[in-house]
Each structure stands twice: as C-alpha cells, then as structure tokens.
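Peer 1: Take a look at the following structure, please.
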Amino acid sequence: MLLSAKWIDVMRDVIDELPAPVYAVSPELAEQVTGYHVHRGALASMQRKPLPTAAELLRSARRVVVMESVNDHTNIGAIFRSAAALGMDAVLLSPDCADPLYRRSVKVSMGAVFSVPYARLESWPKGLESVREAGFTLLALTPDEKARSLDEAAPHRMDRVALMLGAEGDGLSTQALVAADEWVRIPMSHGVDSLNVGAAAAVAFYAVASGRPQS
C-alpha cells in the first residue's frame, strides 16, 4: 500500500488486517512514483485470484446474468450493483466484455464486483450451450416487438434462468438471439423505445428474482 500520511489513521483497520507492506509518503513523492496526481491519497497493488470457471458457478446458481460485448465500464458496474442488490447469483461474461475490476466499474458497482461471483465464457455464442446444459432457460432481453413481456414470460416461476444482456445501442447480436430459448422485453410507454442497459438490467433482475425464496 502507498499512502499519504493523512490516510494512515483512516486506513488503520485495513492495515492491521493485512500482512502487506505499507509505505507512507508525501503527495509529491506519490506523484513522482505514479506519474500523476494521486488525489485520493491511497493506492494498493493487489494480485488477482484466478477466476472460477462458468461450470463451477452454474452448479449452485439459479439466477444468472449473461453479458455480451458490454464494454462500457459504467454499465458493467451498474449491472453488478443491481445483480447484488436484486438477488442474482452470478455473472457470466462473453470473451469481449470489459473488465469488471477496472476502477470505474469498481466505483460504480459500489464494490459489488467483489461480492458477485463472475466468470468468462471461453467461446461465444457456443459457450451458451454449457449454460443450457446446466439446466438454465436462456432469456434474451430485447426491445423487439416479437419478444414476450417479462410479465407474460414469468421468469420468477422458472427453476433456473440465465438472463442475457447486450451492449448499449447494439443490444444482443443475431447469433445470441438465435441461441436463446426465449426473447423477453420490458414494455415501454410514451414512445420510448428502450432503456439504458444498466436500467433495463435492474428492472429485469427484479422480474427474474421476485417471488424467489430469500435466504
């Protein structure tokens, strides 16, 4: 950990719990070391734990989020925060999704990226087959008029659900839509065609998880 002096007392509970070395430096030295103004005054270098495999997460999950090509770090963070708050069990990412541990994603998620288990599917959309084989119904969220409303689909009554979300603007690819078991949508009013993917995720997560027994 690299801290300016004023952060020593603030971070004392963390410092006392960790065996890692802690360096207290002046703001000027911190800027020399990092190459930019460390306005927060506290930095840490950490080693990532290996990600679990999708198969490991699917064994015990019942409500799963599947993201395709979501590359906006703010949306990644918002989706993880909603997933944590609304009872989703895990997140699966297509190979080209952004990194949930990017600092913007961590901040927007309010730390939920550290509490919601996630894994990357090794191939896309072929990797979706492993999700189906684990007993999940693949629901593709799309504004397409052919999709059934979430109320009609009643995903909260399904045993195992994997809710598929696409990138802002483009949505799910044709290949992903074809791979899904069913298309679902959030009914819109006042001529609005769709919601931001982060907002849509929160609405859909509630619909998927509502009525689910709480632990």
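Here's how to read the names in the structure tokens: chain A, B, ... by the order shown, residue numbers from 1 in each chain, ligand numbers from 1 in the order shown.
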Would you list, as a VMD selection string, the residues of range 11-167 of chain A that end up in alpha helix (DSSP H) under DSSP run on this structure's backbone?
Peer 2: chain A and resid 12 to 17 27 to 34 54 to 60 73 to 85 103 to 108 128 to 133 150 to 153
Peer 1: Kindly export the residues of the current selection with N, CA and C atoms, as a CSV table (one decimal), in the first residue's frame.
Peer 2:
chain,number,residue,atom,x,y,z
A,12,ARG,N,-6.4,2.5,9.1
A,12,ARG,CA,-5.8,1.6,10.2
A,12,ARG,C,-6.5,0.3,10.3
A,13,ASP,N,-7.8,0.1,10.1
A,13,ASP,CA,-8.4,-1.2,10.3
A,13,ASP,C,-8.0,-2.1,9.2
A,14,VAL,N,-7.8,-1.6,7.9
A,14,VAL,CA,-7.3,-2.4,6.8
A,14,VAL,C,-5.8,-2.7,7.0
A,15,ILE,N,-5.0,-1.8,7.4
A,15,ILE,CA,-3.6,-2.0,7.6
A,15,ILE,C,-3.4,-3.1,8.6
A,16,ASP,N,-4.1,-3.1,9.7
A,16,ASP,CA,-3.9,-4.0,10.8
A,16,ASP,C,-4.3,-5.4,10.4
A,17,GLU,N,-5.2,-5.6,9.4
A,17,GLU,CA,-5.6,-6.9,9.0
A,17,GLU,C,-4.7,-7.6,7.9
A,27,PRO,N,2.6,13.6,-0.7
A,27,PRO,CA,1.8,13.7,-2.0
A,27,PRO,C,2.8,13.9,-3.2
A,28,GLU,N,3.8,14.7,-3.0
A,28,GLU,CA,4.8,15.0,-4.1
A,28,GLU,C,5.5,13.7,-4.5
A,29,LEU,N,5.9,12.9,-3.5
A,29,LEU,CA,6.6,11.7,-3.8
A,29,LEU,C,5.7,10.7,-4.5
A,30,ALA,N,4.5,10.6,-4.0
A,30,ALA,CA,3.5,9.7,-4.7
A,30,ALA,C,3.3,10.1,-6.1
A,31,GLU,N,3.3,11.3,-6.4
A,31,GLU,CA,3.1,11.8,-7.8
A,31,GLU,C,4.3,11.4,-8.6
A,32,GLN,N,5.5,11.5,-8.0
A,32,GLN,CA,6.7,11.1,-8.8
A,32,GLN,C,6.7,9.6,-9.1
A,33,VAL,N,6.3,8.8,-8.1
A,33,VAL,CA,6.3,7.3,-8.3
A,33,VAL,C,5.2,6.9,-9.3
A,34,THR,N,4.0,7.5,-9.3
A,34,THR,CA,2.9,7.0,-10.1
A,34,THR,C,2.9,7.8,-11.4
A,54,ALA,N,-17.1,-21.1,-15.6
A,54,ALA,CA,-18.5,-20.9,-15.7
A,54,ALA,C,-19.2,-22.2,-15.1
A,55,ALA,N,-18.7,-23.4,-15.3
A,55,ALA,CA,-19.3,-24.6,-14.8
A,55,ALA,C,-19.3,-24.6,-13.3
A,56,GLU,N,-18.3,-24.1,-12.7
A,56,GLU,CA,-18.2,-24.0,-11.2
A,56,GLU,C,-19.3,-23.1,-10.6
A,57,LEU,N,-19.6,-22.0,-11.3
A,57,LEU,CA,-20.6,-21.1,-10.8
A,57,LEU,C,-22.0,-21.6,-11.1
A,58,LEU,N,-22.2,-22.3,-12.2
A,58,LEU,CA,-23.5,-22.8,-12.6
A,58,LEU,C,-24.0,-23.9,-11.7
A,59,ARG,N,-23.1,-24.6,-11.0
A,59,ARG,CA,-23.5,-25.8,-10.2
A,59,ARG,C,-24.5,-25.4,-9.1
A,60,SER,N,-24.2,-24.2,-8.5
A,60,SER,CA,-25.0,-23.8,-7.3
A,60,SER,C,-26.0,-22.6,-7.6
A,73,HIS,N,-17.6,0.7,-19.0
A,73,HIS,CA,-17.3,0.3,-17.6
A,73,HIS,C,-18.4,0.8,-16.6
A,74,THR,N,-19.0,1.9,-16.9
A,74,THR,CA,-20.1,2.4,-16.1
A,74,THR,C,-21.2,1.4,-16.1
A,75,ASN,N,-21.6,0.9,-17.3
A,75,ASN,CA,-22.7,-0.1,-17.3
A,75,ASN,C,-22.3,-1.4,-16.7
A,76,ILE,N,-21.1,-1.8,-16.8
A,76,ILE,CA,-20.6,-3.0,-16.1
A,76,ILE,C,-20.8,-2.9,-14.6
A,77,GLY,N,-20.4,-1.8,-14.1
A,77,GLY,CA,-20.5,-1.5,-12.6
A,77,GLY,C,-22.0,-1.5,-12.2
A,78,ALA,N,-22.8,-0.8,-13.0
A,78,ALA,CA,-24.2,-0.6,-12.6
A,78,ALA,C,-24.9,-2.0,-12.6
A,79,ILE,N,-24.6,-2.8,-13.6
A,79,ILE,CA,-25.2,-4.1,-13.7
A,79,ILE,C,-24.8,-5.0,-12.5
A,80,PHE,N,-23.5,-5.0,-12.1
A,80,PHE,CA,-23.1,-5.8,-11.0
A,80,PHE,C,-23.8,-5.3,-9.7
A,81,ARG,N,-23.9,-4.0,-9.6
A,81,ARG,CA,-24.6,-3.4,-8.4
A,81,ARG,C,-26.0,-3.9,-8.3
A,82,SER,N,-26.7,-3.9,-9.4
A,82,SER,CA,-28.1,-4.3,-9.4
A,82,SER,C,-28.2,-5.9,-9.2
A,83,ALA,N,-27.2,-6.6,-9.8
A,83,ALA,CA,-27.2,-8.0,-9.6
A,83,ALA,C,-27.1,-8.4,-8.1
A,84,ALA,N,-26.2,-7.7,-7.4
A,84,ALA,CA,-26.0,-7.9,-6.0
A,84,ALA,C,-27.3,-7.5,-5.2
A,85,ALA,N,-27.8,-6.4,-5.5
A,85,ALA,CA,-29.0,-5.9,-4.7
A,85,ALA,C,-30.2,-6.7,-5.0
A,103,ARG,N,-11.2,0.3,-12.6
A,103,ARG,CA,-11.5,1.1,-11.4
A,103,ARG,C,-12.9,1.8,-11.5
A,104,ARG,N,-13.3,2.2,-12.8
A,104,ARG,CA,-14.6,2.8,-12.9
A,104,ARG,C,-15.7,1.9,-12.6
A,105,SER,N,-15.5,0.6,-13.1
A,105,SER,CA,-16.5,-0.4,-12.8
A,105,SER,C,-16.6,-0.7,-11.3
A,106,VAL,N,-15.5,-0.7,-10.6
A,106,VAL,CA,-15.5,-1.0,-9.2
A,106,VAL,C,-16.2,0.1,-8.4
A,107,LYS,N,-16.0,1.4,-8.8
A,107,LYS,CA,-16.6,2.5,-8.2
A,107,LYS,C,-18.1,2.6,-8.4
A,108,VAL,N,-18.5,2.4,-9.6
A,108,VAL,CA,-20.0,2.5,-9.9
A,108,VAL,C,-20.7,1.3,-9.3
A,128,LEU,N,-22.8,-20.6,-24.6
A,128,LEU,CA,-24.2,-20.6,-24.1
A,128,LEU,C,-24.7,-22.0,-24.0
A,129,GLU,N,-24.2,-23.0,-24.8
A,129,GLU,CA,-24.7,-24.3,-24.7
A,129,GLU,C,-24.4,-25.0,-23.3
A,130,SER,N,-23.3,-24.6,-22.8
A,130,SER,CA,-22.9,-25.1,-21.4
A,130,SER,C,-23.9,-24.6,-20.4
A,131,VAL,N,-24.4,-23.4,-20.6
A,131,VAL,CA,-25.4,-22.8,-19.6
A,131,VAL,C,-26.7,-23.6,-19.8
A,132,ARG,N,-27.1,-23.8,-21.0
A,132,ARG,CA,-28.4,-24.6,-21.2
A,132,ARG,C,-28.2,-26.0,-20.6
A,133,GLU,N,-27.1,-26.6,-20.9
A,133,GLU,CA,-26.9,-28.0,-20.4
A,133,GLU,C,-26.9,-28.1,-18.9
A,150,LEU,N,-41.9,-9.4,-19.9
A,150,LEU,CA,-41.5,-10.2,-18.7
A,150,LEU,C,-42.6,-10.7,-17.9
A,151,ASP,N,-43.7,-9.9,-17.8
A,151,ASP,CA,-44.9,-10.4,-17.0
A,151,ASP,C,-45.4,-11.7,-17.6
A,152,GLU,N,-45.5,-11.7,-19.0
A,152,GLU,CA,-46.1,-12.9,-19.6
A,152,GLU,C,-45.1,-14.1,-19.5
A,153,ALA,N,-43.8,-13.8,-19.6
A,153,ALA,CA,-42.9,-14.9,-19.5
A,153,ALA,C,-42.7,-15.5,-18.1
Peer 1: Expressed in Å to a single decimal, how great is the separation between CA of Lys49 in chain A and CA of Glu68 in chain A?
Peer 2: 23.0 Å
Peer 1: What residues in range 14-162 of chain A get the DSSP label strand (DSSP E or B)? Please answer as a list of chain:residue names.
Peer 2: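 So, restricting range 14-162 of chain A to strand (DSSP E or B), we get A:Tyr23, A:Ala24, A:Val25, A:Ala42, A:Leu43, A:Arg63, A:Val64, A:Val65, A:Val66, A:Met67, A:Ala90, A:Val91, A:Leu92, A:Leu93, A:Tyr118, A:Ala119, A:Arg120, A:Thr137, A:Leu138, A:Leu139, A:Ala140, A:Leu141, A:Arg148, A:Ser149, A:Val161, A:Ala162.
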Peer 1: Using only C-alpha atoms, which protein or nucleic acid residues come within 6 Å of range 134-139 of chain A? Drop anything in the same chain fewer than 3 positions from it, and give the result as a list in words.
Peer 2: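 The residues that qualify are Val131, Arg160, Val161, Ala162, Leu163, Met164, Ala180, Asp181, Glu182 and Trp183 of chain A.
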Peer 1: Let's have the selection written as a compact mmCIF listing (two decimals), in the first residue's frame, with all heavy atoms.
Peer 2:
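Writing the result to out-v4.txt gives the following:
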# COMPACT_ATOMS: atom_id res chain seq x y z
N VAL A 131 -24.39 -23.39 -20.58
CA VAL A 131 -25.36 -22.81 -19.65
C VAL A 131 -26.68 -23.58 -19.75
O VAL A 131 -27.30 -23.94 -18.74
CB VAL A 131 -25.57 -21.32 -19.94
CG1 VAL A 131 -26.55 -20.70 -18.93
CG2 VAL A 131 -24.24 -20.56 -19.90
N ARG A 160 -34.43 -22.38 -13.23
CA ARG A 160 -33.11 -21.80 -13.43
C ARG A 160 -33.15 -20.89 -14.65
O ARG A 160 -33.56 -21.31 -15.73
CB ARG A 160 -32.05 -22.89 -13.63
CG ARG A 160 -31.70 -23.63 -12.34
CD ARG A 160 -30.54 -24.58 -12.56
NE ARG A 160 -29.88 -24.90 -11.31
CZ ARG A 160 -28.75 -25.56 -11.20
NH1 ARG A 160 -28.12 -25.98 -12.29
NH2 ARG A 160 -28.21 -25.81 -10.03
N VAL A 161 -32.74 -19.64 -14.45
CA VAL A 161 -32.85 -18.64 -15.51
C VAL A 161 -31.50 -17.98 -15.75
O VAL A 161 -30.80 -17.59 -14.80
CB VAL A 161 -33.87 -17.55 -15.15
CG1 VAL A 161 -33.91 -16.47 -16.21
CG2 VAL A 161 -35.25 -18.16 -14.97
N ALA A 162 -31.13 -17.84 -17.02
CA ALA A 162 -29.96 -17.07 -17.43
C ALA A 162 -30.47 -15.91 -18.28
O ALA A 162 -30.99 -16.12 -19.37
CB ALA A 162 -28.98 -17.92 -18.22
N LEU A 163 -30.35 -14.69 -17.77
CA LEU A 163 -30.84 -13.50 -18.46
C LEU A 163 -29.71 -12.90 -19.28
O LEU A 163 -28.67 -12.51 -18.73
CB LEU A 163 -31.36 -12.48 -17.45
CG LEU A 163 -31.98 -11.23 -18.04
CD1 LEU A 163 -33.27 -11.54 -18.78
CD2 LEU A 163 -32.23 -10.19 -16.95
N MET A 164 -29.91 -12.81 -20.58
CA MET A 164 -28.87 -12.34 -21.49
C MET A 164 -29.05 -10.85 -21.78
O MET A 164 -30.13 -10.40 -22.16
CB MET A 164 -28.93 -13.15 -22.80
CG MET A 164 -28.70 -14.64 -22.60
SD MET A 164 -29.24 -15.65 -24.01
CE MET A 164 -28.32 -14.90 -25.37
N ALA A 180 -30.82 -18.11 -27.89
CA ALA A 180 -31.68 -18.01 -26.72
C ALA A 180 -32.88 -18.96 -26.83
O ALA A 180 -33.31 -19.33 -27.91
CB ALA A 180 -32.17 -16.58 -26.55
N ASP A 181 -33.42 -19.33 -25.67
CA ASP A 181 -34.64 -20.14 -25.64
C ASP A 181 -35.87 -19.28 -25.85
O ASP A 181 -36.87 -19.73 -26.41
CB ASP A 181 -34.76 -20.87 -24.29
CG ASP A 181 -33.66 -21.89 -24.10
OD1 ASP A 181 -33.45 -22.72 -25.00
OD2 ASP A 181 -33.01 -21.86 -23.04
N GLU A 182 -35.80 -18.04 -25.39
CA GLU A 182 -36.96 -17.15 -25.50
C GLU A 182 -36.49 -15.69 -25.47
O GLU A 182 -35.48 -15.37 -24.84
CB GLU A 182 -37.94 -17.41 -24.35
CG GLU A 182 -39.23 -16.63 -24.45
CD GLU A 182 -40.26 -17.05 -23.41
OE1 GLU A 182 -39.98 -17.98 -22.63
OE2 GLU A 182 -41.34 -16.43 -23.38
N TRP A 183 -37.22 -14.83 -26.16
CA TRP A 183 -36.97 -13.40 -26.12
C TRP A 183 -37.95 -12.76 -25.16
O TRP A 183 -39.15 -13.05 -25.18
CB TRP A 183 -37.15 -12.76 -27.50
CG TRP A 183 -36.20 -13.24 -28.56
CD1 TRP A 183 -35.26 -14.22 -28.46
CD2 TRP A 183 -36.13 -12.76 -29.90
NE1 TRP A 183 -34.60 -14.37 -29.64
CE2 TRP A 183 -35.11 -13.50 -30.55
CE3 TRP A 183 -36.82 -11.78 -30.62
CZ2 TRP A 183 -34.76 -13.29 -31.88
CZ3 TRP A 183 -36.48 -11.57 -31.94
CH2 TRP A 183 -35.47 -12.31 -32.57
Peer 1: Between CA of Val66 in chain A and CA of Val192 in chain A, what is the distance, to one decimal in Å?
Peer 2: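 CA of Val192 in chain A lies at a distance of 24.6 Å from CA of Val66 in chain A.
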Peer 1: Which residue out of A:Leu51, A:Leu101, A:Leu172, A:Ala167 has the minimum interatomic distance to Pro117 in chain A when only C-alpha atoms are used?
Peer 2: A:Leu51
Peer 1: Using only C-alpha atoms, which of the listed residues (A:Phe205, A:Tyr36, A:Tyr102, A:Trp124) sits closest to Leu86 in chain A?
Peer 2: A:Phe205
Peer 1: Could you state the separation of CA of Ser189 in chain A and CA of Val70 in chain A in Å, given to one decimal place?
Peer 2: 25.4 Å
Peer 1: I'd like to know which of A:Pro95, A:Pro155, A:Gly87, A:Pro52 is closest to Ala202 in chain A, using only C-alpha atoms.
Peer 2: A:Gly87
Peer 1: When you count only C-alpha atoms, which of these residues is closest to Val208 in chain A: A:Asp89, A:Asp170, A:Asp96, A:Asp193?
Peer 2: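 The answer is A:Asp89, which sits nearest to Val208 in chain A.
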Peer 1: Between A:Ala5, A:Ala42, A:Val10, A:Ala201, which one has atoms that come closest to Ser26 in chain A, using only C-alpha atoms?
Peer 2: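 Of A:Ala5, A:Ala42, A:Val10, A:Ala201, the one nearest Ser26 in chain A is A:Ala5, counting only C-alpha atoms.
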